[in-house]
$ cat entry.txt   # compact mmCIF, C-alpha atoms and all ligand atoms
# COMPACT_ATOMS: atom_id res chain seq x y z
CA MET N 1 1.65 0.71 -20.44
CA ILE N 2 2.21 0.00 -16.73
CA ASP N 3 3.07 -3.55 -15.74
CA PRO N 4 1.75 -4.20 -12.20
CA TRP N 5 3.99 -7.27 -11.79
CA SER N 6 7.31 -5.53 -12.44
CA SER N 7 6.84 -1.92 -11.48
CA SER N 8 9.76 0.46 -11.70
CA ILE N 9 10.12 4.00 -10.37
CA LEU N 10 7.28 5.78 -12.09
CA GLU N 11 6.92 9.30 -13.33
CA TYR N 12 3.91 10.43 -11.31
CA ASN N 13 2.88 13.51 -13.30
CA GLU N 14 3.08 11.58 -16.54
CA ILE N 15 0.81 8.84 -15.15
CA MET N 16 -1.72 11.36 -13.89
CA LYS N 17 -1.83 13.03 -17.28
CA ASN N 18 -1.99 9.81 -19.32
CA PHE N 19 -4.54 7.96 -17.23
CA GLY N 20 -6.80 10.74 -15.94
CA ILE N 21 -5.85 10.51 -12.25
CA LYS N 22 -6.79 13.72 -10.41
CA PRO N 23 -4.44 15.53 -7.98
CA PHE N 24 -5.25 14.72 -4.36
CA LYS N 25 -4.33 18.24 -3.25
CA GLU N 26 -7.51 19.52 -4.95
CA ILE N 27 -9.71 17.77 -2.41
CA ILE N 28 -7.57 17.61 0.69
CA ASP N 29 -9.16 20.75 2.20
CA LYS N 30 -12.50 18.95 2.27
CA ILE N 31 -11.15 16.22 4.58
CA LYS N 32 -11.71 17.03 8.25
CA ASP N 33 -8.50 15.59 9.65
CA PRO N 34 -6.41 14.24 6.78
CA HIS N 35 -3.85 11.52 7.35
CA TRP N 36 -0.22 12.74 7.35
CA LEU N 37 0.40 10.76 4.15
CA MET N 38 -2.25 12.99 2.57
CA ARG N 39 -0.93 16.21 4.11
CA ARG N 40 2.61 15.51 2.90
CA GLY N 41 1.55 14.80 -0.69
CA ILE N 42 2.63 11.16 -0.50
CA ILE N 43 -0.92 10.26 -1.42
CA PHE N 44 -0.86 12.34 -4.58
CA GLY N 45 -3.76 11.28 -6.77
CA HIS N 46 -7.28 9.88 -6.80
CA ARG N 47 -10.22 8.77 -8.84
CA ASP N 48 -13.68 9.66 -7.50
CA TYR N 49 -12.55 10.18 -3.91
CA GLU N 50 -15.50 12.59 -3.54
CA ARG N 51 -17.77 9.56 -3.06
CA ILE N 52 -15.70 8.39 -0.10
CA LEU N 53 -15.63 11.90 1.34
CA THR N 54 -19.40 12.11 1.21
CA ALA N 55 -19.75 8.71 2.85
CA MET N 56 -17.35 9.73 5.65
CA ASP N 57 -19.04 13.13 6.12
CA GLU N 58 -22.53 11.63 6.26
CA GLU N 59 -21.35 8.63 8.30
CA ARG N 60 -22.64 6.29 5.63
CA ASP N 61 -21.40 2.82 4.88
CA PHE N 62 -18.29 2.48 2.69
CA ALA N 63 -15.70 -0.19 2.03
CA VAL N 64 -11.94 -0.18 1.62
CA VAL N 65 -10.24 -3.02 -0.23
CA THR N 66 -6.51 -3.59 -0.39
CA GLY N 67 -4.78 -6.86 -1.06
CA MET N 68 -1.50 -8.31 0.10
CA MET N 69 0.47 -10.57 -2.22
CA PRO N 70 2.50 -13.03 -0.16
CA SER N 71 5.67 -13.13 -2.21
CA GLY N 72 8.51 -12.19 0.12
CA ARG N 73 9.45 -10.34 3.30
CA MET N 74 7.57 -7.20 4.27
CA HIS N 75 9.71 -4.08 4.28
CA ILE N 76 9.13 -0.64 5.69
CA GLY N 77 7.63 0.55 2.38
CA HIS N 78 4.66 -1.76 2.99
CA LYS N 79 3.88 0.02 6.28
CA MET N 80 2.20 2.82 4.35
CA VAL N 81 -0.79 0.67 3.39
CA VAL N 82 -1.30 -0.45 6.99
CA ASP N 83 -1.14 3.19 8.19
CA GLN N 84 -3.89 4.07 5.73
CA LEU N 85 -6.04 1.13 6.79
CA ILE N 86 -5.77 2.14 10.44
CA TRP N 87 -6.99 5.60 9.49
CA TYR N 88 -9.93 4.26 7.45
CA ASP N 89 -10.85 1.92 10.28
CA GLU N 90 -11.10 5.01 12.51
CA GLN N 91 -13.34 6.62 9.87
CA GLY N 92 -15.77 3.69 10.11
CA ALA N 93 -14.89 1.73 6.94
CA GLU N 94 -15.67 -1.93 6.35
CA ILE N 95 -12.24 -3.26 5.38
CA TYR N 96 -11.47 -6.19 3.07
CA ILE N 97 -7.96 -7.61 2.81
CA PRO N 98 -7.67 -10.33 0.19
CA ILE N 99 -4.50 -12.39 0.37
CA ALA N 100 -3.56 -12.79 -3.25
CA ASP N 101 -2.41 -16.39 -3.17
CA MET N 102 -3.87 -17.03 -6.65
CA GLU N 103 -1.85 -14.11 -7.98
CA SER N 104 1.28 -15.38 -6.20
CA TYR N 105 0.77 -18.76 -7.83
CA SER N 106 0.19 -17.45 -11.35
CA ALA N 107 2.70 -14.57 -11.39
CA ARG N 108 5.42 -15.75 -8.97
CA ASP N 109 5.01 -19.54 -8.99
CA ILE N 110 4.48 -19.67 -5.21
CA HIS N 111 2.28 -22.59 -4.19
CA PHE N 112 -0.83 -22.18 -2.10
CA GLU N 113 0.45 -23.82 1.10
CA GLU N 114 3.55 -21.63 0.99
CA SER N 115 1.43 -18.51 0.42
CA ARG N 116 -0.77 -19.33 3.39
CA GLU N 117 2.25 -19.84 5.62
CA LEU N 118 3.89 -16.65 4.39
CA ALA N 119 0.66 -14.69 4.83
CA ILE N 120 0.30 -15.77 8.46
CA LYS N 121 3.93 -15.58 9.57
CA GLU N 122 4.90 -12.46 7.68
CA TYR N 123 2.00 -10.31 6.52
CA ILE N 124 -0.83 -10.90 9.01
CA SER N 125 1.58 -10.84 11.98
CA ASN N 126 3.13 -7.58 10.80
CA TYR N 127 -0.22 -5.94 10.05
CA ILE N 128 -1.35 -6.68 13.60
CA ALA N 129 1.96 -5.56 15.14
CA LEU N 130 1.77 -2.31 13.15
CA GLY N 131 -1.51 -1.57 14.88
CA LEU N 132 -4.33 -2.85 12.67
CA ASP N 133 -6.69 -4.97 14.77
CA LEU N 134 -7.56 -7.79 12.36
CA THR N 135 -9.79 -9.46 14.94
CA LYS N 136 -12.43 -6.73 14.59
CA ASP N 137 -15.75 -7.63 12.95
CA ASN N 138 -15.47 -4.90 10.31
CA ILE N 139 -12.13 -6.25 9.04
CA HIS N 140 -12.20 -9.24 6.70
CA VAL N 141 -9.04 -11.10 5.74
CA TYR N 142 -9.31 -14.04 3.35
CA LEU N 143 -7.33 -16.15 0.92
CA GLN N 144 -8.46 -15.71 -2.69
CA SER N 145 -8.27 -19.47 -3.24
CA GLU N 146 -10.74 -20.09 -0.38
CA ASN N 147 -13.29 -17.42 -1.26
CA LEU N 148 -15.86 -19.06 -3.52
CA VAL N 149 -17.95 -15.89 -3.81
CA VAL N 150 -14.96 -14.08 -5.28
CA GLU N 151 -14.08 -16.97 -7.58
CA ASP N 152 -17.67 -17.29 -8.89
CA LEU N 153 -17.91 -13.55 -9.45
CA ALA N 154 -14.65 -13.55 -11.40
CA TYR N 155 -16.06 -16.25 -13.67
CA ILE N 156 -19.22 -14.23 -14.27
CA PHE N 157 -17.08 -11.18 -15.11
CA ALA N 158 -14.94 -13.22 -17.51
CA LYS N 159 -17.93 -13.52 -19.85
CA LYS N 160 -17.68 -9.82 -20.70
CA VAL N 161 -13.90 -9.49 -21.04
CA ASN N 162 -11.81 -10.74 -23.92
CA PHE N 163 -8.15 -11.57 -24.37
CA ASN N 164 -7.42 -8.58 -26.63
CA GLU N 165 -8.58 -6.25 -23.91
CA LEU N 166 -6.39 -7.86 -21.24
CA ARG N 167 -3.46 -7.89 -23.65
CA ALA N 168 -3.90 -4.17 -24.29
CA ILE N 169 -3.97 -3.40 -20.55
CA TYR N 170 -1.29 -5.79 -19.28
CA GLY N 171 0.85 -6.58 -22.31
CA PHE N 172 0.13 -10.33 -22.17
CA THR N 173 1.61 -12.32 -25.03
CA GLY N 174 0.86 -15.67 -26.63
CA SER N 175 3.14 -17.37 -24.10
CA THR N 176 1.56 -15.87 -20.94
CA ASN N 177 0.12 -18.72 -18.89
CA MET N 178 -3.66 -18.79 -18.63
CA ALA N 179 -3.69 -18.59 -14.82
CA HIS N 180 -1.85 -15.29 -15.13
CA VAL N 181 -4.28 -14.08 -17.80
CA TYR N 182 -7.25 -14.99 -15.57
CA VAL N 183 -5.98 -13.63 -12.24
CA PRO N 184 -6.81 -9.93 -12.90
CA LEU N 185 -10.47 -11.00 -12.94
CA ILE N 186 -10.05 -12.46 -9.46
CA GLN N 187 -8.69 -9.09 -8.34
CA VAL N 188 -11.63 -7.31 -9.93
CA ALA N 189 -13.93 -9.63 -7.98
CA ASP N 190 -11.94 -8.92 -4.78
CA ILE N 191 -12.66 -5.22 -5.24
CA LEU N 192 -16.30 -5.51 -6.26
CA HIS N 193 -17.63 -8.31 -4.05
CA PRO N 194 -18.15 -6.00 -1.00
CA GLN N 195 -20.76 -4.32 -3.20
CA LEU N 196 -22.89 -7.45 -3.55
CA GLU N 197 -26.20 -7.30 -1.74
CA GLU N 198 -25.25 -10.15 0.60
CA TYR N 199 -22.21 -8.10 1.70
CA GLY N 200 -24.28 -4.99 2.39
CA GLY N 201 -23.74 -3.35 -1.02
CA PRO N 202 -23.86 -1.57 -3.31
CA ARG N 203 -21.75 1.03 -1.50
CA PRO N 204 -18.83 3.36 -2.23
CA THR N 205 -15.60 1.39 -2.27
CA LEU N 206 -12.06 2.70 -2.08
CA VAL N 207 -8.87 1.00 -3.22
CA PRO N 208 -5.66 2.69 -1.96
CA VAL N 209 -2.81 1.63 -4.27
CA GLY N 210 0.55 2.54 -5.71
CA PRO N 211 0.31 3.84 -9.30
CA ASP N 212 1.74 0.55 -10.63
CA GLN N 213 -1.59 -1.05 -9.70
CA ASP N 214 -3.69 1.36 -11.75
CA PRO N 215 -4.26 -1.16 -14.60
CA HIS N 216 -6.32 -3.23 -12.14
CA ILE N 217 -8.32 -0.16 -11.13
CA ARG N 218 -9.09 0.76 -14.73
CA LEU N 219 -10.16 -2.78 -15.56
CA THR N 220 -12.31 -2.95 -12.41
CA ARG N 221 -14.09 0.29 -13.22
CA ASP N 222 -14.77 -0.86 -16.78
CA ILE N 223 -16.17 -4.17 -15.60
CA ALA N 224 -18.21 -2.47 -12.84
CA SER N 225 -19.98 -0.39 -15.49
CA ARG N 226 -20.60 -3.45 -17.70
CA PHE N 227 -22.32 -5.16 -14.76
CA GLU N 228 -23.91 -2.05 -13.31
CA LYS N 229 -27.42 -3.07 -14.39
CA ARG N 230 -27.17 -6.52 -12.88
CA TYR N 231 -25.50 -5.65 -9.55
CA GLY N 232 -25.98 -1.90 -9.18
CA PHE N 233 -22.20 -1.43 -8.76
CA ILE N 234 -20.89 2.01 -7.89
CA LEU N 235 -17.60 2.67 -9.72
CA PRO N 236 -14.83 2.06 -7.18
CA SER N 237 -12.72 5.02 -6.09
CA SER N 238 -8.95 4.87 -5.71
CA THR N 239 -6.05 6.80 -4.22
CA TYR N 240 -2.42 6.64 -5.35
CA HIS N 241 0.66 6.91 -3.16
CA ARG N 242 4.28 7.58 -4.03
CA PHE N 243 6.93 4.98 -3.29
CA MET N 244 9.85 5.72 -1.05
CA ARG N 245 13.16 5.15 -2.81
CA GLY N 246 15.46 2.33 -1.79
CA LEU N 247 18.13 3.01 0.85
CA THR N 248 20.83 3.02 -1.77
CA GLY N 249 18.93 5.35 -4.06
CA GLY N 250 17.19 3.07 -6.62
CA LYS N 251 13.96 1.15 -6.16
CA MET N 252 13.10 -0.36 -2.77
CA SER N 253 12.60 -4.06 -3.32
CA SER N 254 12.19 -7.24 -1.26
CA SER N 255 14.58 -8.95 -3.66
CA LYS N 256 17.40 -6.45 -2.90
CA PRO N 257 18.11 -6.72 0.87
CA ALA N 258 20.39 -3.67 0.96
CA SER N 259 17.68 -1.46 -0.55
CA ALA N 260 15.12 -1.94 2.21
CA ILE N 261 14.61 -2.13 5.95
CA PHE N 262 12.65 -5.32 6.53
CA LEU N 263 10.21 -5.48 9.42
CA THR N 264 12.02 -8.58 10.69
CA ASP N 265 15.57 -7.16 10.37
CA SER N 266 17.65 -7.27 13.56
CA LEU N 267 18.45 -4.00 15.36
CA GLU N 268 22.07 -4.30 14.18
CA GLU N 269 21.01 -4.70 10.55
CA ILE N 270 18.69 -1.71 10.78
CA GLU N 271 21.38 0.48 12.28
CA TRP N 272 23.88 -0.60 9.62
CA LYS N 273 21.38 0.18 6.88
CA ILE N 274 20.65 3.65 8.28
CA ARG N 275 24.35 4.44 8.56
CA ASN N 276 24.96 3.35 4.97
CA ALA N 277 21.87 4.95 3.43
CA LYS N 278 22.25 7.56 0.71
CA THR N 279 21.94 11.12 2.08
CA GLY N 280 21.63 14.59 0.66
CA GLY N 281 24.75 15.70 2.53
CA ARG N 282 27.67 17.65 1.03
CA GLU N 283 31.20 16.44 0.30
CA THR N 284 32.71 18.09 3.39
CA LEU N 285 31.43 19.30 6.77
CA GLU N 286 32.56 22.82 5.94
CA GLU N 287 30.51 22.78 2.73
CA GLN N 288 27.47 21.41 4.53
CA ARG N 289 27.66 24.13 7.21
CA ARG N 290 27.92 26.75 4.48
CA LEU N 291 25.38 25.42 1.95
CA GLY N 292 23.16 23.17 4.05
CA GLY N 293 22.09 19.66 3.08
CA VAL N 294 19.45 18.63 0.54
CA PRO N 295 16.72 16.65 2.35
CA GLU N 296 14.87 16.14 -0.95
CA ASP N 297 17.80 13.92 -2.05
CA CYS N 298 18.10 12.13 1.28
CA ILE N 299 16.76 8.63 1.97
CA VAL N 300 17.22 9.05 5.74
CA TYR N 301 14.83 12.00 5.58
CA GLU N 302 12.44 10.00 3.38
CA ILE N 303 12.22 7.20 5.94
CA LEU N 304 10.83 9.68 8.46
CA LEU N 305 8.70 11.54 5.92
CA TYR N 306 6.98 8.43 4.55
CA HIS N 307 6.89 6.02 7.41
CA MET N 308 8.17 6.91 10.82
CA LEU N 309 7.45 10.44 11.95
CA GLY N 310 3.78 11.34 12.35
CA SER N 311 4.60 14.78 13.79
CA ASP N 312 4.80 17.46 11.07
CA LYS N 313 6.45 19.85 13.54
CA LYS N 314 9.41 17.57 14.27
CA LEU N 315 9.81 16.79 10.59
CA GLU N 316 9.79 20.49 9.66
CA LYS N 317 12.47 21.18 12.29
CA MET N 318 14.69 18.45 10.89
CA TYR N 319 14.13 19.79 7.37
CA GLU N 320 15.03 23.35 8.38
CA ASP N 321 18.09 22.28 10.41
CA CYS N 322 19.34 20.27 7.46
CA ARG N 323 18.64 23.04 4.96
CA ASN N 324 20.36 25.77 6.94
CA GLY N 325 23.44 23.68 7.73
CA THR N 326 23.03 23.36 11.50
CA LEU N 327 22.42 19.60 11.32
CA MET N 328 25.21 17.35 10.04
CA CYS N 329 24.56 13.92 8.51
CA GLY N 330 26.48 12.03 11.20
CA GLU N 331 24.41 13.48 14.03
CA CYS N 332 21.22 13.17 11.99
CA LYS N 333 21.85 9.48 11.27
CA ASN N 334 22.55 8.89 14.98
CA ASN N 335 19.19 10.46 15.85
CA VAL N 336 17.34 8.45 13.23
CA ALA N 337 19.12 5.20 14.21
CA ASP N 338 18.08 5.84 17.86
CA TYR N 339 14.53 6.54 16.81
CA MET N 340 14.39 3.39 14.69
CA ARG N 341 15.91 1.27 17.49
CA ARG N 342 13.19 2.41 19.89
CA PHE N 343 10.47 1.77 17.30
CA PHE N 344 11.75 -1.70 16.37
CA GLU N 345 12.36 -2.79 19.98
CA GLU N 346 8.71 -2.09 20.70
CA PHE N 347 7.61 -3.51 17.33
CA SER N 348 9.35 -6.86 17.85
CA LYS N 349 7.56 -7.29 21.20
CA LYS N 350 4.24 -6.54 19.49
CA ARG N 351 5.15 -8.96 16.69
CA LYS N 352 5.69 -11.82 19.13
CA ARG N 353 2.21 -11.25 20.57
CA ALA N 354 0.76 -10.82 17.06
CA GLU N 355 2.14 -14.15 15.83
CA LYS N 356 -0.13 -15.97 18.27
CA ILE N 357 -3.22 -14.09 17.04
CA ALA N 358 -2.23 -14.35 13.34
CA GLU N 359 -2.82 -18.11 13.24
CA SER N 360 -6.53 -17.64 13.98
CA ILE N 361 -7.26 -14.74 11.60
CA LEU N 362 -7.87 -16.90 8.53
CA ASP N 363 -10.33 -19.04 10.51
CA LYS N 364 -12.45 -16.01 11.38
CA VAL N 365 -15.93 -16.39 9.82
CA GLN N 366 -16.07 -14.10 6.81
CA SER N 367 -19.19 -12.15 5.91
FE1 LIG N 401 19.80 13.81 5.26
FE2 LIG N 401 19.98 14.44 7.78
FE3 LIG N 401 22.09 14.68 6.16
FE4 LIG N 401 20.04 16.34 5.94
S1 LIG N 401 21.41 16.16 7.71
S2 LIG N 401 21.07 15.30 4.27
S3 LIG N 401 18.32 15.02 6.43
S4 LIG N 401 21.08 12.78 6.76
$ encode --input "entry.txt" --output "structure tokens" --more "lines below"
Ligand code: SF4
Amino acid sequence: MIDPWSSSILEYNEIMKNFGIKPFKEIIDKIKDPHWLMRRGIIFGHRDYERILTAMDEERDFAVVTGMMPSGRMHIGHKMVVDQLIWYDEQGAEIYIPIADMESYSARDIHFEESRELAIKEYISNYIALGLDLTKDNIHVYLQSENLVVEDLAYIFAKKVNFNELRAIYGFTGSTNMAHVYVPLIQVADILHPQLEEYGGPRPTLVPVGPDQDPHIRLTRDIASRFEKRYGFILPSSTYHRFMRGLTGGKMSSSKPASAIFLTDSLEEIEWKIRNAKTGGRETLEEQRRLGGVPEDCIVYEILLYHMLGSDKKLEKMYEDCRNGTLMCGECKNNVADYMRRFFEEFSKKRKRAEKIAESILDKVQS
């Protein structure tokens, strides 16, 4: 069982085998200009991505849904979702971004006013500063607690779901609060409501997630088929991305400041974190020159691989130089710290501008 509210580092092959997720590499050749997260195998699995491919190829309508749960500071690991959304926006998707304030309330005990504040100041501002234009008409951002269509739909879905089923998927017990038991149905409604007729549906819908969120996808697909006759739902597709490890080697987490680079960290903090990150370097310089480093074990390399370096060529060069012992960790960290400083100097300027726009995003008329 996977618990989406306390995910740990997951064994990706095991998950694919146990839950019927297909390897993304089997379809990547059919994508005209795949995103670098696809090319590098960071997006590693999918369910029914063929439907999205067809929609993109034939320039037909499709939707992408991905939520943000306002429960803490955004770190660099969250950038991956925004990068994917920017790409899907370029492919012509209608994008829905539910802010999961009901989930925050039921699973993290964060109250609605606090969620709203956090969503605007942290998440929406960062999404805009990272390059996703949330003011566009095809991008819809809303709070779950203010979307009555979603709430009504969740209630309709609840009629055909029972507690035993949710317990089997999520491991709920007799002491789980009822808001927490109910909230997966809100998420199902988040994913399926773009397929309602009044929203231009039914249409292929994609949910890009980490594998820890797969229980929601499985539940959504089950419910979509139960209500297929009534609403004509098309089973939603999904993609699955790997998680970058934390800077110190374990899991990257908002609750462990040393494990992550936060988007609002100061330049000094970022540099300190890079210099203290776990590497794949050898014990001595002599050994590293002779044997080369191990980029696969290196978090500094992972930062560039997952989040920062769009150019495959530059990344390959760094990989080769590390492998053949011509690049030492000290010099490498200096380069990466420089690169990050330039990125974050620019980013913090964009963030200041974004904060002004962020306030108005939740007032945008949703359709
Ligand atoms: Fe990591 Fe760079 Fe050291 Fe290689 S040289 S192990 S990529 S820090």
$ closest_atom_pairs --input "entry.txt" --of "chain N" --to "ligand LIG 401 (chain N)" --cutoff "10 Å" --atoms "all atoms listed in the file" --output "JSON lines"
{"residue": "N:Ile274", "atom": "CA", "partner": "N:LIG401", "partner_atom": "S4", "distance": 9.3}
{"residue": "N:Arg275", "atom": "CA", "partner": "N:LIG401", "partner_atom": "S4", "distance": 9.1}
{"residue": "N:Ala277", "atom": "CA", "partner": "N:LIG401", "partner_atom": "S4", "distance": 8.5}
{"residue": "N:Lys278", "atom": "CA", "partner": "N:LIG401", "partner_atom": "S4", "distance": 8.1}
{"residue": "N:Thr279", "atom": "CA", "partner": "N:LIG401", "partner_atom": "FE1", "distance": 4.7}
{"residue": "N:Gly280", "atom": "CA", "partner": "N:LIG401", "partner_atom": "S2", "distance": 3.7}
{"residue": "N:Gly281", "atom": "CA", "partner": "N:LIG401", "partner_atom": "S2", "distance": 4.1}
{"residue": "N:Arg282", "atom": "CA", "partner": "N:LIG401", "partner_atom": "S2", "distance": 7.7}
{"residue": "N:Gln288", "atom": "CA", "partner": "N:LIG401", "partner_atom": "S1", "distance": 8.6}
{"residue": "N:Gly292", "atom": "CA", "partner": "N:LIG401", "partner_atom": "FE4", "distance": 7.7}
{"residue": "N:Gly293", "atom": "CA", "partner": "N:LIG401", "partner_atom": "S2", "distance": 4.6}
{"residue": "N:Val294", "atom": "CA", "partner": "N:LIG401", "partner_atom": "S2", "distance": 5.3}
{"residue": "N:Pro295", "atom": "CA", "partner": "N:LIG401", "partner_atom": "S3", "distance": 4.7}
{"residue": "N:Glu296", "atom": "CA", "partner": "N:LIG401", "partner_atom": "S2", "distance": 8.1}
{"residue": "N:Asp297", "atom": "CA", "partner": "N:LIG401", "partner_atom": "S2", "distance": 7.2}
{"residue": "N:Cys298", "atom": "CA", "partner": "N:LIG401", "partner_atom": "FE1", "distance": 4.6}
{"residue": "N:Ile299", "atom": "CA", "partner": "N:LIG401", "partner_atom": "FE1", "distance": 6.8}
{"residue": "N:Val300", "atom": "CA", "partner": "N:LIG401", "partner_atom": "FE1", "distance": 5.4}
{"residue": "N:Tyr301", "atom": "CA", "partner": "N:LIG401", "partner_atom": "S3", "distance": 4.7}
{"residue": "N:Glu302", "atom": "CA", "partner": "N:LIG401", "partner_atom": "S3", "distance": 8.3}
{"residue": "N:Ile303", "atom": "CA", "partner": "N:LIG401", "partner_atom": "S3", "distance": 9.9}
{"residue": "N:Leu304", "atom": "CA", "partner": "N:LIG401", "partner_atom": "S3", "distance": 9.4}
{"residue": "N:Leu315", "atom": "CA", "partner": "N:LIG401", "partner_atom": "S3", "distance": 9.6}
{"residue": "N:Met318", "atom": "CA", "partner": "N:LIG401", "partner_atom": "S3", "distance": 6.7}
{"residue": "N:Tyr319", "atom": "CA", "partner": "N:LIG401", "partner_atom": "S3", "distance": 6.4}
{"residue": "N:Glu320", "atom": "CA", "partner": "N:LIG401", "partner_atom": "FE4", "distance": 9.0}
{"residue": "N:Asp321", "atom": "CA", "partner": "N:LIG401", "partner_atom": "S1", "distance": 7.5}
{"residue": "N:Cys322", "atom": "CA", "partner": "N:LIG401", "partner_atom": "FE4", "distance": 4.3}
{"residue": "N:Arg323", "atom": "CA", "partner": "N:LIG401", "partner_atom": "FE4", "distance": 6.9}
{"residue": "N:Asn324", "atom": "CA", "partner": "N:LIG401", "partner_atom": "FE4", "distance": 9.5}
{"residue": "N:Gly325", "atom": "CA", "partner": "N:LIG401", "partner_atom": "S1", "distance": 7.8}
{"residue": "N:Thr326", "atom": "CA", "partner": "N:LIG401", "partner_atom": "S1", "distance": 8.3}
{"residue": "N:Leu327", "atom": "CA", "partner": "N:LIG401", "partner_atom": "S1", "distance": 5.1}
{"residue": "N:Met328", "atom": "CA", "partner": "N:LIG401", "partner_atom": "S1", "distance": 4.6}
{"residue": "N:Cys329", "atom": "CA", "partner": "N:LIG401", "partner_atom": "FE3", "distance": 3.5}
{"residue": "N:Gly330", "atom": "CA", "partner": "N:LIG401", "partner_atom": "S4", "distance": 7.0}
{"residue": "N:Glu331", "atom": "CA", "partner": "N:LIG401", "partner_atom": "S1", "distance": 7.5}
{"residue": "N:Cys332", "atom": "CA", "partner": "N:LIG401", "partner_atom": "FE2", "distance": 4.6}
{"residue": "N:Lys333", "atom": "CA", "partner": "N:LIG401", "partner_atom": "S4", "distance": 5.6}
{"residue": "N:Asn334", "atom": "CA", "partner": "N:LIG401", "partner_atom": "S4", "distance": 9.2}
{"residue": "N:Asn335", "atom": "CA", "partner": "N:LIG401", "partner_atom": "FE2", "distance": 9.0}
{"residue": "N:Val336", "atom": "CA", "partner": "N:LIG401", "partner_atom": "FE2", "distance": 8.5}
$ write_last_selection --input "entry.txt" --atoms "C-alpha atoms" --output "tab-separated table (two decimals), keeping the file's coordinate frame"
chain	number	residue	atom	x	y	z
N	274	ILE	CA	20.65	3.65	8.28
N	275	ARG	CA	24.35	4.44	8.56
N	277	ALA	CA	21.87	4.95	3.43
N	278	LYS	CA	22.25	7.56	0.71
N	279	THR	CA	21.94	11.12	2.08
N	280	GLY	CA	21.63	14.59	0.66
N	281	GLY	CA	24.75	15.70	2.53
N	282	ARG	CA	27.67	17.65	1.03
N	288	GLN	CA	27.47	21.41	4.53
N	292	GLY	CA	23.16	23.17	4.05
N	293	GLY	CA	22.09	19.66	3.08
N	294	VAL	CA	19.45	18.63	0.54
N	295	PRO	CA	16.72	16.65	2.35
N	296	GLU	CA	14.87	16.14	-0.95
N	297	ASP	CA	17.80	13.92	-2.05
N	298	CYS	CA	18.10	12.13	1.28
N	299	ILE	CA	16.76	8.63	1.97
N	300	VAL	CA	17.22	9.05	5.74
N	301	TYR	CA	14.83	12.00	5.58
N	302	GLU	CA	12.44	10.00	3.38
N	303	ILE	CA	12.22	7.20	5.94
N	304	LEU	CA	10.83	9.68	8.46
N	315	LEU	CA	9.81	16.79	10.59
N	318	MET	CA	14.69	18.45	10.89
N	319	TYR	CA	14.13	19.79	7.37
N	320	GLU	CA	15.03	23.35	8.38
N	321	ASP	CA	18.09	22.28	10.41
N	322	CYS	CA	19.34	20.27	7.46
N	323	ARG	CA	18.64	23.04	4.96
N	324	ASN	CA	20.36	25.77	6.94
N	325	GLY	CA	23.44	23.68	7.73
N	326	THR	CA	23.03	23.36	11.50
N	327	LEU	CA	22.42	19.60	11.32
N	328	MET	CA	25.21	17.35	10.04
N	329	CYS	CA	24.56	13.92	8.51
N	330	GLY	CA	26.48	12.03	11.20
N	331	GLU	CA	24.41	13.48	14.03
N	332	CYS	CA	21.22	13.17	11.99
N	333	LYS	CA	21.85	9.48	11.27
N	334	ASN	CA	22.55	8.89	14.98
N	335	ASN	CA	19.19	10.46	15.85
N	336	VAL	CA	17.34	8.45	13.23
$ atom_distance --input "entry.txt" --atom1 "CA of Ala154 in chain N" --atom2 "CA of Ser71 in chain N"
22.3 Å
$ atom_distance --input "entry.txt" --atom1 "CA of Val64 in chain N" --atom2 "CA of Val82 in chain N"
11.9 Å
$ axis_aligned_box --input "entry.txt" --around "range 227-241 of chain N" --padding-each-side "8 Å" --output "lines of an AutoDock Vina configuration file"
center_x = -13.4
center_y = 0.2
center_z = -9.0
size_x = 44.1
size_y = 29.4
size_z = 27.6
$ residues_around --input "entry.txt" --residues "Ile139 in chain N" --least-positions-apart "5" --cutoff "9 Å" --atoms "all atoms listed in the file" --output "list in words"
Asp89, Ala93, Glu94, Ile95, Tyr96, Ile97, Asp133 and Leu134 of chain N
$ closest_atom_pairs --input "entry.txt" --of "range 230-319 of chain N" --to "range 192-214 of chain N" --cutoff "12 Å" --atoms "only C-alpha atoms" --output "CSV"
residue,atom,partner,partner_atom,distance
N:Arg230,CA,N:Leu196,CA,10.3
N:Tyr231,CA,N:Leu196,CA,6.8
N:Gly232,CA,N:Pro202,CA,6.2
N:Phe233,CA,N:Pro202,CA,5.7
N:Ile234,CA,N:Pro204,CA,6.2
N:Leu235,CA,N:Pro204,CA,7.6
N:Pro236,CA,N:Thr205,CA,5.0
N:Ser237,CA,N:Leu206,CA,4.7
N:Ser238,CA,N:Val207,CA,4.6
N:Thr239,CA,N:Pro208,CA,4.7
N:Tyr240,CA,N:Gly210,CA,5.1
N:His241,CA,N:Gly210,CA,5.1
N:Arg242,CA,N:Gly210,CA,6.5
N:Phe243,CA,N:Gly210,CA,7.2
N:Met244,CA,N:Gly210,CA,10.9
$ atom_distance --input "entry.txt" --atom1 "CA of His46 in chain N" --atom2 "CA of Pro23 in chain N"
6.4 Å
$ residues_around --input "entry.txt" --residues "Pro257 in chain N" --least-positions-apart "2" --cutoff "10 Å" --atoms "all atoms listed in the file" --output "list in words"
Arg73, His75, Gly246, Leu247, Met252, Ser253, Ser254, Ser255, Ser259, Ala260, Ile261, Phe262, Asp265 and Lys273 of chain N
$ residues_around --input "entry.txt" --residues "Arg116 in chain N" --least-positions-apart "5" --cutoff "12 Å" --atoms "all atoms listed in the file" --output "list in words"
Met68, Met69, Pro70, Ser71, Pro98, Ile99, Ala100, Asp101, Met102, Ser104, Tyr105, Ile110, His111, Lys121, Glu122, Tyr123, Ile124, Val141, Tyr142, Leu143, Gln144, Ser145, Glu146, Ala358, Glu359, Ile361, Leu362 and Asp363 of chain N
